[in-house]
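Chemist: This is run.cif, which holds mmCIF, N, CA and C atoms:
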data_data
loop_
_atom_site.label_atom_id
_atom_site.label_comp_id
_atom_site.auth_asym_id
_atom_site.auth_seq_id
_atom_site.Cartn_x
_atom_site.Cartn_y
_atom_site.Cartn_z
N MET A 1 5.20 1.21 -35.39
CA MET A 1 5.05 -0.20 -35.11
C MET A 1 4.43 -0.37 -33.72
N LYS A 2 3.50 -1.28 -33.62
CA LYS A 2 2.84 -1.52 -32.35
C LYS A 2 3.63 -2.52 -31.51
N ASN A 3 3.61 -2.29 -30.21
CA ASN A 3 4.30 -3.15 -29.25
C ASN A 3 3.34 -4.16 -28.66
N ASN A 4 3.92 -5.23 -28.12
CA ASN A 4 3.23 -6.09 -27.18
C ASN A 4 3.59 -5.53 -25.81
N VAL A 5 2.63 -5.53 -24.90
CA VAL A 5 2.89 -4.97 -23.58
C VAL A 5 2.49 -5.97 -22.51
N GLY A 6 3.40 -6.20 -21.59
CA GLY A 6 3.11 -6.98 -20.40
C GLY A 6 3.09 -6.03 -19.23
N LEU A 7 2.15 -6.24 -18.32
CA LEU A 7 2.05 -5.28 -17.23
C LEU A 7 1.71 -5.98 -15.93
N TRP A 8 2.60 -5.79 -14.95
CA TRP A 8 2.39 -6.28 -13.59
C TRP A 8 1.79 -5.12 -12.81
N ILE A 9 0.73 -5.39 -12.04
CA ILE A 9 0.04 -4.31 -11.34
C ILE A 9 -0.41 -4.75 -9.95
N ASP A 10 -0.31 -3.80 -9.01
CA ASP A 10 -1.01 -3.89 -7.73
C ASP A 10 -1.56 -2.49 -7.46
N LYS A 11 -2.12 -2.25 -6.29
CA LYS A 11 -2.75 -0.95 -6.03
C LYS A 11 -1.75 0.21 -5.94
N THR A 12 -0.46 -0.08 -5.76
CA THR A 12 0.51 1.00 -5.59
C THR A 12 1.27 1.36 -6.86
N ARG A 13 1.44 0.39 -7.78
CA ARG A 13 2.20 0.70 -9.00
C ARG A 13 1.88 -0.28 -10.11
N ALA A 14 2.20 0.16 -11.32
CA ALA A 14 2.14 -0.69 -12.50
C ALA A 14 3.52 -0.66 -13.13
N PHE A 15 4.00 -1.82 -13.52
CA PHE A 15 5.30 -1.95 -14.17
C PHE A 15 5.03 -2.46 -15.58
N LEU A 16 5.22 -1.60 -16.58
CA LEU A 16 4.92 -1.93 -17.97
C LEU A 16 6.19 -2.34 -18.70
N VAL A 17 6.10 -3.41 -19.48
CA VAL A 17 7.20 -3.90 -20.29
C VAL A 17 6.74 -3.89 -21.74
N TYR A 18 7.40 -3.07 -22.56
CA TYR A 18 7.07 -2.95 -23.98
C TYR A 18 8.05 -3.81 -24.77
N ILE A 19 7.54 -4.64 -25.66
CA ILE A 19 8.39 -5.49 -26.48
C ILE A 19 8.04 -5.28 -27.96
N ALA A 20 9.06 -4.93 -28.74
CA ALA A 20 8.90 -4.78 -30.19
C ALA A 20 10.22 -5.12 -30.86
N GLU A 21 10.17 -6.03 -31.80
CA GLU A 21 11.35 -6.44 -32.56
C GLU A 21 12.59 -6.61 -31.69
N ASN A 22 12.47 -7.46 -30.69
CA ASN A 22 13.58 -7.80 -29.78
C ASN A 22 14.12 -6.62 -28.97
N GLU A 23 13.39 -5.55 -28.92
CA GLU A 23 13.74 -4.42 -28.06
C GLU A 23 12.76 -4.38 -26.91
N ILE A 24 13.27 -4.06 -25.72
CA ILE A 24 12.44 -4.00 -24.53
C ILE A 24 12.53 -2.61 -23.92
N GLY A 25 11.39 -2.06 -23.60
CA GLY A 25 11.31 -0.78 -22.88
C GLY A 25 10.49 -0.98 -21.62
N ILE A 26 10.78 -0.22 -20.59
CA ILE A 26 10.02 -0.35 -19.35
C ILE A 26 9.55 1.02 -18.87
N LYS A 27 8.48 0.99 -18.12
CA LYS A 27 7.92 2.21 -17.53
C LYS A 27 7.20 1.83 -16.25
N THR A 28 7.38 2.65 -15.21
CA THR A 28 6.68 2.44 -13.95
C THR A 28 5.69 3.59 -13.74
N ILE A 29 4.48 3.25 -13.36
CA ILE A 29 3.45 4.24 -13.07
C ILE A 29 3.00 4.01 -11.64
N LYS A 30 3.04 5.05 -10.82
CA LYS A 30 2.63 4.93 -9.42
C LYS A 30 1.22 5.46 -9.24
N SER A 31 0.49 4.85 -8.29
CA SER A 31 -0.91 5.22 -8.07
C SER A 31 -1.08 6.32 -7.02
N ASN A 32 -0.13 6.47 -6.12
CA ASN A 32 -0.20 7.40 -5.00
C ASN A 32 -1.25 6.99 -3.96
N ILE A 33 -1.80 5.81 -4.07
CA ILE A 33 -2.77 5.31 -3.09
C ILE A 33 -2.10 5.15 -1.73
N ASP A 34 -0.86 4.66 -1.71
CA ASP A 34 -0.17 4.45 -0.44
C ASP A 34 0.04 5.75 0.32
N LYS A 35 0.31 6.84 -0.39
CA LYS A 35 0.47 8.14 0.27
C LYS A 35 -0.85 8.63 0.85
N MET A 36 -1.95 8.39 0.11
CA MET A 36 -3.26 8.83 0.56
C MET A 36 -3.70 8.07 1.81
N SER A 37 -3.44 6.77 1.84
CA SER A 37 -3.93 5.97 2.96
C SER A 37 -3.21 6.28 4.27
N LYS A 38 -1.96 6.72 4.19
CA LYS A 38 -1.22 7.07 5.40
C LYS A 38 -1.67 8.42 5.94
N GLY A 39 -2.15 9.27 5.05
CA GLY A 39 -2.56 10.61 5.45
C GLY A 39 -1.36 11.45 5.83
N ARG A 40 -1.52 12.75 5.84
CA ARG A 40 -0.44 13.64 6.22
C ARG A 40 -0.96 14.60 7.26
N ARG A 41 -0.16 14.94 8.19
CA ARG A 41 -0.56 15.87 9.24
C ARG A 41 -1.01 17.17 8.61
N GLY A 42 -2.21 17.58 8.97
CA GLY A 42 -2.75 18.82 8.42
C GLY A 42 -3.44 18.64 7.08
N SER A 43 -3.43 17.44 6.53
CA SER A 43 -4.08 17.24 5.24
C SER A 43 -5.59 17.16 5.43
N ILE A 44 -6.29 17.18 4.33
CA ILE A 44 -7.74 17.09 4.39
C ILE A 44 -8.18 15.77 5.02
N LEU A 45 -7.38 14.72 4.82
CA LEU A 45 -7.77 13.42 5.36
C LEU A 45 -7.62 13.34 6.87
N SER A 46 -6.62 14.02 7.42
CA SER A 46 -6.40 13.90 8.85
C SER A 46 -6.98 15.06 9.64
N ALA A 47 -7.27 16.20 9.00
CA ALA A 47 -7.74 17.36 9.74
C ALA A 47 -9.25 17.58 9.62
N SER A 48 -9.82 17.32 8.46
CA SER A 48 -11.23 17.61 8.25
C SER A 48 -12.11 16.48 8.74
N PHE A 49 -13.29 16.84 9.14
CA PHE A 49 -14.33 15.88 9.50
C PHE A 49 -13.95 14.97 10.67
N THR A 50 -13.00 15.34 11.49
CA THR A 50 -12.54 14.45 12.55
C THR A 50 -13.61 14.15 13.58
N GLY A 51 -14.57 15.05 13.75
CA GLY A 51 -15.61 14.80 14.73
C GLY A 51 -16.84 14.14 14.16
N GLN A 52 -16.87 13.90 12.86
CA GLN A 52 -18.06 13.35 12.22
C GLN A 52 -17.90 11.85 12.01
N THR A 53 -18.87 11.09 12.43
CA THR A 53 -18.83 9.64 12.30
C THR A 53 -18.89 9.24 10.83
N GLY A 54 -17.90 8.49 10.41
CA GLY A 54 -17.89 7.94 9.05
C GLY A 54 -17.47 8.89 7.97
N ALA A 55 -17.44 10.18 8.21
CA ALA A 55 -17.12 11.14 7.15
C ALA A 55 -15.68 11.00 6.69
N ASP A 56 -14.76 10.77 7.62
CA ASP A 56 -13.36 10.60 7.25
C ASP A 56 -13.20 9.36 6.37
N SER A 57 -13.87 8.29 6.72
CA SER A 57 -13.81 7.06 5.94
C SER A 57 -14.41 7.26 4.55
N ASP A 58 -15.56 7.96 4.48
CA ASP A 58 -16.19 8.24 3.20
C ASP A 58 -15.28 9.07 2.31
N LEU A 59 -14.63 10.07 2.88
CA LEU A 59 -13.72 10.92 2.13
C LEU A 59 -12.55 10.11 1.59
N LYS A 60 -12.01 9.22 2.41
CA LYS A 60 -10.91 8.36 1.95
C LYS A 60 -11.36 7.47 0.80
N ASP A 61 -12.58 6.93 0.87
CA ASP A 61 -13.09 6.08 -0.19
C ASP A 61 -13.22 6.85 -1.50
N VAL A 62 -13.77 8.06 -1.44
CA VAL A 62 -13.92 8.89 -2.62
C VAL A 62 -12.56 9.25 -3.19
N THR A 63 -11.63 9.65 -2.33
CA THR A 63 -10.30 10.03 -2.77
C THR A 63 -9.58 8.82 -3.37
N SER A 64 -9.71 7.67 -2.74
CA SER A 64 -9.09 6.46 -3.24
C SER A 64 -9.64 6.10 -4.62
N SER A 65 -10.94 6.20 -4.81
CA SER A 65 -11.56 5.91 -6.10
C SER A 65 -11.06 6.87 -7.17
N ALA A 66 -10.94 8.13 -6.83
CA ALA A 66 -10.44 9.12 -7.79
C ALA A 66 -8.99 8.84 -8.16
N LEU A 67 -8.18 8.48 -7.18
CA LEU A 67 -6.77 8.15 -7.46
C LEU A 67 -6.66 6.90 -8.33
N LEU A 68 -7.48 5.89 -8.06
CA LEU A 68 -7.46 4.69 -8.89
C LEU A 68 -7.89 5.00 -10.32
N GLU A 69 -8.90 5.84 -10.48
CA GLU A 69 -9.36 6.22 -11.82
C GLU A 69 -8.23 6.91 -12.59
N ARG A 70 -7.52 7.83 -11.95
CA ARG A 70 -6.38 8.50 -12.59
C ARG A 70 -5.26 7.51 -12.90
N PHE A 71 -5.01 6.58 -11.98
CA PHE A 71 -4.00 5.55 -12.16
C PHE A 71 -4.32 4.71 -13.40
N TYR A 72 -5.56 4.24 -13.51
CA TYR A 72 -5.96 3.43 -14.66
C TYR A 72 -5.87 4.23 -15.96
N GLU A 73 -6.22 5.50 -15.91
CA GLU A 73 -6.14 6.35 -17.10
C GLU A 73 -4.69 6.49 -17.57
N LYS A 74 -3.76 6.70 -16.64
CA LYS A 74 -2.33 6.81 -17.00
C LYS A 74 -1.86 5.50 -17.65
N ILE A 75 -2.26 4.39 -17.07
CA ILE A 75 -1.86 3.09 -17.63
C ILE A 75 -2.45 2.93 -19.02
N TYR A 76 -3.73 3.24 -19.16
CA TYR A 76 -4.39 3.09 -20.46
C TYR A 76 -3.70 3.93 -21.53
N ARG A 77 -3.33 5.16 -21.19
CA ARG A 77 -2.61 6.00 -22.17
C ARG A 77 -1.30 5.35 -22.59
N GLY A 78 -0.68 4.60 -21.69
CA GLY A 78 0.58 3.94 -22.00
C GLY A 78 0.45 2.66 -22.81
N ILE A 79 -0.76 2.12 -22.90
CA ILE A 79 -0.93 0.84 -23.62
C ILE A 79 -1.95 0.90 -24.75
N LYS A 80 -2.67 1.99 -24.91
CA LYS A 80 -3.80 2.01 -25.84
C LYS A 80 -3.40 1.75 -27.29
N ASN A 81 -2.16 1.99 -27.66
CA ASN A 81 -1.72 1.74 -29.03
C ASN A 81 -0.99 0.41 -29.18
N ALA A 82 -1.04 -0.43 -28.17
CA ALA A 82 -0.37 -1.73 -28.22
C ALA A 82 -1.09 -2.69 -29.14
N LYS A 83 -0.34 -3.69 -29.58
CA LYS A 83 -0.92 -4.77 -30.38
C LYS A 83 -1.68 -5.73 -29.48
N SER A 84 -1.09 -6.06 -28.34
CA SER A 84 -1.73 -6.94 -27.36
C SER A 84 -1.14 -6.67 -25.99
N VAL A 85 -1.94 -6.98 -24.95
CA VAL A 85 -1.54 -6.71 -23.57
C VAL A 85 -1.76 -7.95 -22.72
N PHE A 86 -0.78 -8.25 -21.89
CA PHE A 86 -0.82 -9.34 -20.92
C PHE A 86 -0.73 -8.69 -19.55
N ILE A 87 -1.76 -8.88 -18.70
CA ILE A 87 -1.81 -8.25 -17.38
C ILE A 87 -1.69 -9.33 -16.30
N PHE A 88 -0.84 -9.07 -15.30
CA PHE A 88 -0.70 -10.02 -14.21
C PHE A 88 -0.33 -9.29 -12.93
N GLY A 89 -0.58 -9.94 -11.80
CA GLY A 89 -0.27 -9.36 -10.50
C GLY A 89 -1.15 -9.97 -9.43
N PRO A 90 -0.91 -9.56 -8.18
CA PRO A 90 -1.73 -10.06 -7.07
C PRO A 90 -3.02 -9.23 -6.95
N GLY A 91 -3.97 -9.71 -6.21
CA GLY A 91 -5.16 -8.92 -5.87
C GLY A 91 -6.11 -8.69 -7.03
N GLU A 92 -7.04 -7.79 -6.81
CA GLU A 92 -8.11 -7.51 -7.76
C GLU A 92 -7.83 -6.35 -8.71
N THR A 93 -6.75 -5.62 -8.48
CA THR A 93 -6.47 -4.44 -9.30
C THR A 93 -6.36 -4.79 -10.78
N LYS A 94 -5.77 -5.94 -11.08
CA LYS A 94 -5.60 -6.34 -12.47
C LYS A 94 -6.96 -6.52 -13.17
N CYS A 95 -7.94 -7.04 -12.43
CA CYS A 95 -9.29 -7.23 -12.99
C CYS A 95 -10.00 -5.90 -13.15
N GLU A 96 -9.83 -5.02 -12.18
CA GLU A 96 -10.42 -3.68 -12.26
C GLU A 96 -9.84 -2.92 -13.46
N LEU A 97 -8.53 -3.03 -13.67
CA LEU A 97 -7.90 -2.37 -14.81
C LEU A 97 -8.42 -2.96 -16.12
N THR A 98 -8.55 -4.27 -16.18
CA THR A 98 -9.06 -4.92 -17.39
C THR A 98 -10.46 -4.41 -17.73
N THR A 99 -11.31 -4.29 -16.74
CA THR A 99 -12.66 -3.75 -16.95
C THR A 99 -12.59 -2.31 -17.46
N TYR A 100 -11.70 -1.50 -16.86
CA TYR A 100 -11.53 -0.11 -17.30
C TYR A 100 -11.10 -0.07 -18.77
N ILE A 101 -10.13 -0.90 -19.14
CA ILE A 101 -9.63 -0.92 -20.52
C ILE A 101 -10.74 -1.33 -21.48
N GLU A 102 -11.51 -2.34 -21.12
CA GLU A 102 -12.59 -2.81 -21.99
C GLU A 102 -13.64 -1.73 -22.23
N LYS A 103 -13.87 -0.87 -21.24
CA LYS A 103 -14.82 0.24 -21.40
C LYS A 103 -14.27 1.32 -22.32
N GLN A 104 -12.94 1.49 -22.35
CA GLN A 104 -12.30 2.54 -23.13
C GLN A 104 -12.02 2.14 -24.58
N CYS A 105 -11.81 0.86 -24.80
CA CYS A 105 -11.28 0.37 -26.06
C CYS A 105 -12.32 -0.42 -26.84
N THR A 106 -12.38 -0.20 -28.15
CA THR A 106 -13.37 -0.90 -28.97
C THR A 106 -12.86 -2.23 -29.49
N VAL A 107 -11.54 -2.45 -29.45
CA VAL A 107 -10.97 -3.73 -29.88
C VAL A 107 -10.49 -4.50 -28.67
N LYS A 108 -10.35 -5.82 -28.82
CA LYS A 108 -9.85 -6.64 -27.71
C LYS A 108 -8.36 -6.42 -27.58
N LEU A 109 -7.97 -5.72 -26.55
CA LEU A 109 -6.58 -5.37 -26.32
C LEU A 109 -5.92 -6.34 -25.34
N VAL A 110 -6.63 -6.66 -24.26
CA VAL A 110 -6.09 -7.54 -23.22
C VAL A 110 -6.27 -8.99 -23.66
N ARG A 111 -5.14 -9.70 -23.78
CA ARG A 111 -5.16 -11.09 -24.23
C ARG A 111 -5.32 -12.08 -23.08
N GLU A 112 -4.71 -11.75 -21.92
CA GLU A 112 -4.78 -12.67 -20.79
C GLU A 112 -4.54 -11.91 -19.50
N VAL A 113 -5.18 -12.41 -18.43
CA VAL A 113 -5.00 -11.86 -17.08
C VAL A 113 -4.63 -13.04 -16.19
N GLU A 114 -3.58 -12.86 -15.39
CA GLU A 114 -3.08 -13.96 -14.56
C GLU A 114 -2.76 -13.47 -13.16
N THR A 115 -3.06 -14.30 -12.17
CA THR A 115 -2.75 -13.99 -10.78
C THR A 115 -1.36 -14.52 -10.46
N VAL A 116 -0.50 -13.63 -9.96
CA VAL A 116 0.85 -14.00 -9.52
C VAL A 116 1.17 -13.21 -8.26
N ASP A 117 2.17 -13.67 -7.54
CA ASP A 117 2.62 -12.96 -6.35
C ASP A 117 3.49 -11.77 -6.73
N ILE A 118 3.97 -11.09 -5.73
CA ILE A 118 4.89 -9.97 -5.93
C ILE A 118 6.14 -10.49 -6.61
N MET A 119 6.63 -9.73 -7.59
CA MET A 119 7.80 -10.13 -8.37
C MET A 119 8.78 -8.98 -8.45
N SER A 120 10.05 -9.32 -8.65
CA SER A 120 11.06 -8.28 -8.89
C SER A 120 10.89 -7.77 -10.32
N ASP A 121 11.50 -6.62 -10.59
CA ASP A 121 11.42 -6.06 -11.95
C ASP A 121 12.01 -7.03 -12.98
N ARG A 122 13.11 -7.66 -12.64
CA ARG A 122 13.75 -8.64 -13.56
C ARG A 122 12.83 -9.84 -13.82
N GLN A 123 12.16 -10.30 -12.78
CA GLN A 123 11.22 -11.42 -12.94
C GLN A 123 10.06 -11.03 -13.85
N ILE A 124 9.60 -9.80 -13.70
CA ILE A 124 8.49 -9.31 -14.53
C ILE A 124 8.92 -9.27 -16.00
N ILE A 125 10.09 -8.72 -16.26
CA ILE A 125 10.60 -8.63 -17.64
C ILE A 125 10.74 -10.03 -18.24
N ALA A 126 11.30 -10.96 -17.48
CA ALA A 126 11.47 -12.33 -17.97
C ALA A 126 10.12 -12.99 -18.26
N LYS A 127 9.14 -12.77 -17.38
CA LYS A 127 7.81 -13.37 -17.57
C LYS A 127 7.14 -12.82 -18.82
N VAL A 128 7.24 -11.51 -19.03
CA VAL A 128 6.62 -10.90 -20.21
C VAL A 128 7.29 -11.41 -21.49
N SER A 129 8.61 -11.45 -21.50
CA SER A 129 9.35 -11.95 -22.67
C SER A 129 8.94 -13.38 -22.99
N LYS A 130 8.89 -14.22 -21.98
CA LYS A 130 8.53 -15.62 -22.15
C LYS A 130 7.08 -15.75 -22.63
N TYR A 131 6.18 -14.96 -22.06
CA TYR A 131 4.77 -15.03 -22.43
C TYR A 131 4.60 -14.76 -23.92
N PHE A 132 5.16 -13.66 -24.41
CA PHE A 132 4.94 -13.31 -25.82
C PHE A 132 5.69 -14.27 -26.76
N LYS A 133 6.81 -14.79 -26.33
CA LYS A 133 7.52 -15.80 -27.13
C LYS A 133 6.69 -17.07 -27.22
N ASN A 134 6.14 -17.54 -26.09
CA ASN A 134 5.33 -18.76 -26.07
C ASN A 134 4.01 -18.61 -26.80
N GLN A 135 3.47 -17.41 -26.81
CA GLN A 135 2.19 -17.17 -27.50
C GLN A 135 2.35 -17.02 -29.00
N GLY A 136 3.61 -16.91 -29.45
CA GLY A 136 3.86 -16.78 -30.89
C GLY A 136 3.58 -15.39 -31.43
N PHE A 137 3.47 -14.39 -30.55
CA PHE A 137 3.28 -13.03 -31.02
C PHE A 137 4.59 -12.53 -31.59
N ASN A 138 4.50 -11.86 -32.71
CA ASN A 138 5.72 -11.28 -33.29
C ASN A 138 6.26 -10.22 -32.40
N GLN A 139 7.53 -10.32 -32.12
CA GLN A 139 8.19 -9.32 -31.28
C GLN A 139 9.00 -8.46 -32.18
#
Could you show the structure in this file as structure tokens?

Modeler:
Amino acid sequence: MKNNVGLWIDKTRAFLVYIAENEIGIKTIKSNIDKMSKGRRGSILSASFTGQTGADSDLKDVTSSALLERFYEKIYRGIKNAKSVFIFGPGETKCELTTYIEKQCTVKLVREVETVDIMSDRQIIAKVSKYFKNQGFNQ
């Protein structure tokens, strides 16, 4: 049986809520972007290219892009068999993910994208439950 999936996302994590026949499951996927941006002593980001203008910044951009690509792939694997997906969150990450999904999927999977502020896990679950109930999707 296919689930409806609601997903709150920002650049650091995605919180997925699976709903099927009045059962709810949750999963959190982390991007590791926050760890990369802080850098670690002795890491490639803080030790290499320190004397080269712009090279450290370029390396961070490439690494950040690679981490985001892996992040989106993990999320896609978690939702690709869903009946429908509702994506919401702050910032542009939700739109970037939607574009990624549209490139991977031949059917329209994402039903709606909405901008919201940071929410608690309980608020996310309540919003997803309400969304699919209001949309008339079979749960």

Chemist: Kindly indicate which residue among A:Ile26, A:Ile87, A:Ile19, A:Ile33 lies nearest to A:Thr115, using all atoms listed in the file for the distances.

Modeler: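 Closest residue, counting all atoms listed in the file: A:Ile87.
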
Chemist: So, counting only C-alpha atoms, which residue among A:Thr106, A:Ser65, A:Thr99, A:Asn81 is closest to A:Ser31?

Modeler: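 Distance minimum relative to A:Ser31 lands on A:Ser65.
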
Chemist: Work out how far apart atom N of A:Leu68 and atom C of A:Lys11 are and give it in Å to one decimal.

Modeler: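 Computed distance, atom N of A:Leu68 to atom C of A:Lys11, equals 8.3 Å.
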
Chemist: Out of A:Trp8, A:Phe15, A:Phe88, A:Phe71, which residue has the shortest atom-to-atom distance to A:Glu114 when counting only C-alpha atoms?

Modeler: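 When distances to A:Glu114 are compared using only C-alpha atoms, the smallest one comes from A:Phe88.
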
Chemist: From the options A:Ala14, A:Tyr72, A:Gly78, A:Gly6, which residue's atoms come nearest to A:Glu96, counting all atoms listed in the file?

Modeler: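 Residue with the minimum atom-to-atom distance to A:Glu96: A:Tyr72.
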
Chemist: For atom N of A:Gly89 and atom C of A:Asp121, determine how far apart the two atoms are, in Å to one decimal place.

Modeler: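 Separation between atom N of A:Gly89 and atom C of A:Asp121: 13.0 Å.
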
Chemist: Report the distance between atom N of A:Glu102 and atom C of A:Asn22 in Å, rounded to one decimal place.

Modeler: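 Atom C of A:Asn22 lies at a distance of 27.1 Å from atom N of A:Glu102.
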
Chemist: Can you work out which one of A:Ala66, A:Ile9, A:Ile75, A:Val85 has the shortest atom-to-atom distance to A:Lys108, counting only N, CA and C atoms?

Modeler: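 Closest to A:Lys108 of all the choices is A:Val85.
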
Chemist: Could you check which of A:Ser64, A:Thr98, A:Thr12, A:Thr93 is closest to A:Tyr76, using only C-alpha atoms?

Modeler: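 Of A:Ser64, A:Thr98, A:Thr12, A:Thr93, the one nearest A:Tyr76, counting only C-alpha atoms, is A:Thr98.
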
Chemist: Fewer than 4 positions away in the same chain doesn't count, so skip those; otherwise give me all residues within 9 Å of A:Ala82, counting only C-alpha atoms, as a PyMOL selection string.

Modeler: chain A and resi 1-5+18+78+109

Chemist: As a list in words, list the residues of stretch 65-111 of chain A assigned to alpha helix (DSSP H) by DSSP on the backbone atoms of this structure.

Modeler: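 Selection result, alpha helix (DSSP H) within stretch 65-111 of chain A: Ser65, Ala66, Leu67, Leu68, Glu69, Arg70, Phe71, Tyr72, Glu73, Lys74, Ile75, Tyr76, Arg77, Gly78, Ile79, Thr93, Lys94, Cys95, Glu96, Leu97, Thr98, Thr99, Tyr100, Ile101, Glu102, Lys103 and Gln104 of chain A.
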
Chemist: Write the residues you've just listed into a file as a short mmCIF file (atom, residue, chain, number, x, y, z; two decimals), in the coordinates of the input, and include N, CA and C atoms for each of them.

Modeler:
data_model
loop_
_atom_site.label_atom_id
_atom_site.label_comp_id
_atom_site.auth_asym_id
_atom_site.auth_seq_id
_atom_site.Cartn_x
_atom_site.Cartn_y
_atom_site.Cartn_z
N SER A 65 -10.94 6.20 -4.81
CA SER A 65 -11.56 5.91 -6.10
C SER A 65 -11.06 6.87 -7.17
N ALA A 66 -10.94 8.13 -6.83
CA ALA A 66 -10.44 9.12 -7.79
C ALA A 66 -8.99 8.84 -8.16
N LEU A 67 -8.18 8.48 -7.18
CA LEU A 67 -6.77 8.15 -7.46
C LEU A 67 -6.66 6.90 -8.33
N LEU A 68 -7.48 5.89 -8.06
CA LEU A 68 -7.46 4.69 -8.89
C LEU A 68 -7.89 5.00 -10.32
N GLU A 69 -8.90 5.84 -10.48
CA GLU A 69 -9.36 6.22 -11.82
C GLU A 69 -8.23 6.91 -12.59
N ARG A 70 -7.52 7.83 -11.95
CA ARG A 70 -6.38 8.50 -12.59
C ARG A 70 -5.26 7.51 -12.90
N PHE A 71 -5.01 6.58 -11.98
CA PHE A 71 -4.00 5.55 -12.16
C PHE A 71 -4.32 4.71 -13.40
N TYR A 72 -5.56 4.24 -13.51
CA TYR A 72 -5.96 3.43 -14.66
C TYR A 72 -5.87 4.23 -15.96
N GLU A 73 -6.22 5.50 -15.91
CA GLU A 73 -6.14 6.35 -17.10
C GLU A 73 -4.69 6.49 -17.57
N LYS A 74 -3.76 6.70 -16.64
CA LYS A 74 -2.33 6.81 -17.00
C LYS A 74 -1.86 5.50 -17.65
N ILE A 75 -2.26 4.39 -17.07
CA ILE A 75 -1.86 3.09 -17.63
C ILE A 75 -2.45 2.93 -19.02
N TYR A 76 -3.73 3.24 -19.16
CA TYR A 76 -4.39 3.09 -20.46
C TYR A 76 -3.70 3.93 -21.53
N ARG A 77 -3.33 5.16 -21.19
CA ARG A 77 -2.61 6.00 -22.17
C ARG A 77 -1.30 5.35 -22.59
N GLY A 78 -0.68 4.60 -21.69
CA GLY A 78 0.58 3.94 -22.00
C GLY A 78 0.45 2.66 -22.81
N ILE A 79 -0.76 2.12 -22.90
CA ILE A 79 -0.93 0.84 -23.62
C ILE A 79 -1.95 0.90 -24.75
N THR A 93 -6.75 -5.62 -8.48
CA THR A 93 -6.47 -4.44 -9.30
C THR A 93 -6.36 -4.79 -10.78
N LYS A 94 -5.77 -5.94 -11.08
CA LYS A 94 -5.60 -6.34 -12.47
C LYS A 94 -6.96 -6.52 -13.17
N CYS A 95 -7.94 -7.04 -12.43
CA CYS A 95 -9.29 -7.23 -12.99
C CYS A 95 -10.00 -5.90 -13.15
N GLU A 96 -9.83 -5.02 -12.18
CA GLU A 96 -10.42 -3.68 -12.26
C GLU A 96 -9.84 -2.92 -13.46
N LEU A 97 -8.53 -3.03 -13.67
CA LEU A 97 -7.90 -2.37 -14.81
C LEU A 97 -8.42 -2.96 -16.12
N THR A 98 -8.55 -4.27 -16.18
CA THR A 98 -9.06 -4.92 -17.39
C THR A 98 -10.46 -4.41 -17.73
N THR A 99 -11.31 -4.29 -16.74
CA THR A 99 -12.66 -3.75 -16.95
C THR A 99 -12.59 -2.31 -17.46
N TYR A 100 -11.70 -1.50 -16.86
CA TYR A 100 -11.53 -0.11 -17.30
C TYR A 100 -11.10 -0.07 -18.77
N ILE A 101 -10.13 -0.90 -19.14
CA ILE A 101 -9.63 -0.92 -20.52
C ILE A 101 -10.74 -1.33 -21.48
N GLU A 102 -11.51 -2.34 -21.12
CA GLU A 102 -12.59 -2.81 -21.99
C GLU A 102 -13.64 -1.73 -22.23
N LYS A 103 -13.87 -0.87 -21.24
CA LYS A 103 -14.82 0.24 -21.40
C LYS A 103 -14.27 1.32 -22.32
N GLN A 104 -12.94 1.49 -22.35
CA GLN A 104 -12.30 2.54 -23.13
C GLN A 104 -12.02 2.14 -24.58
#
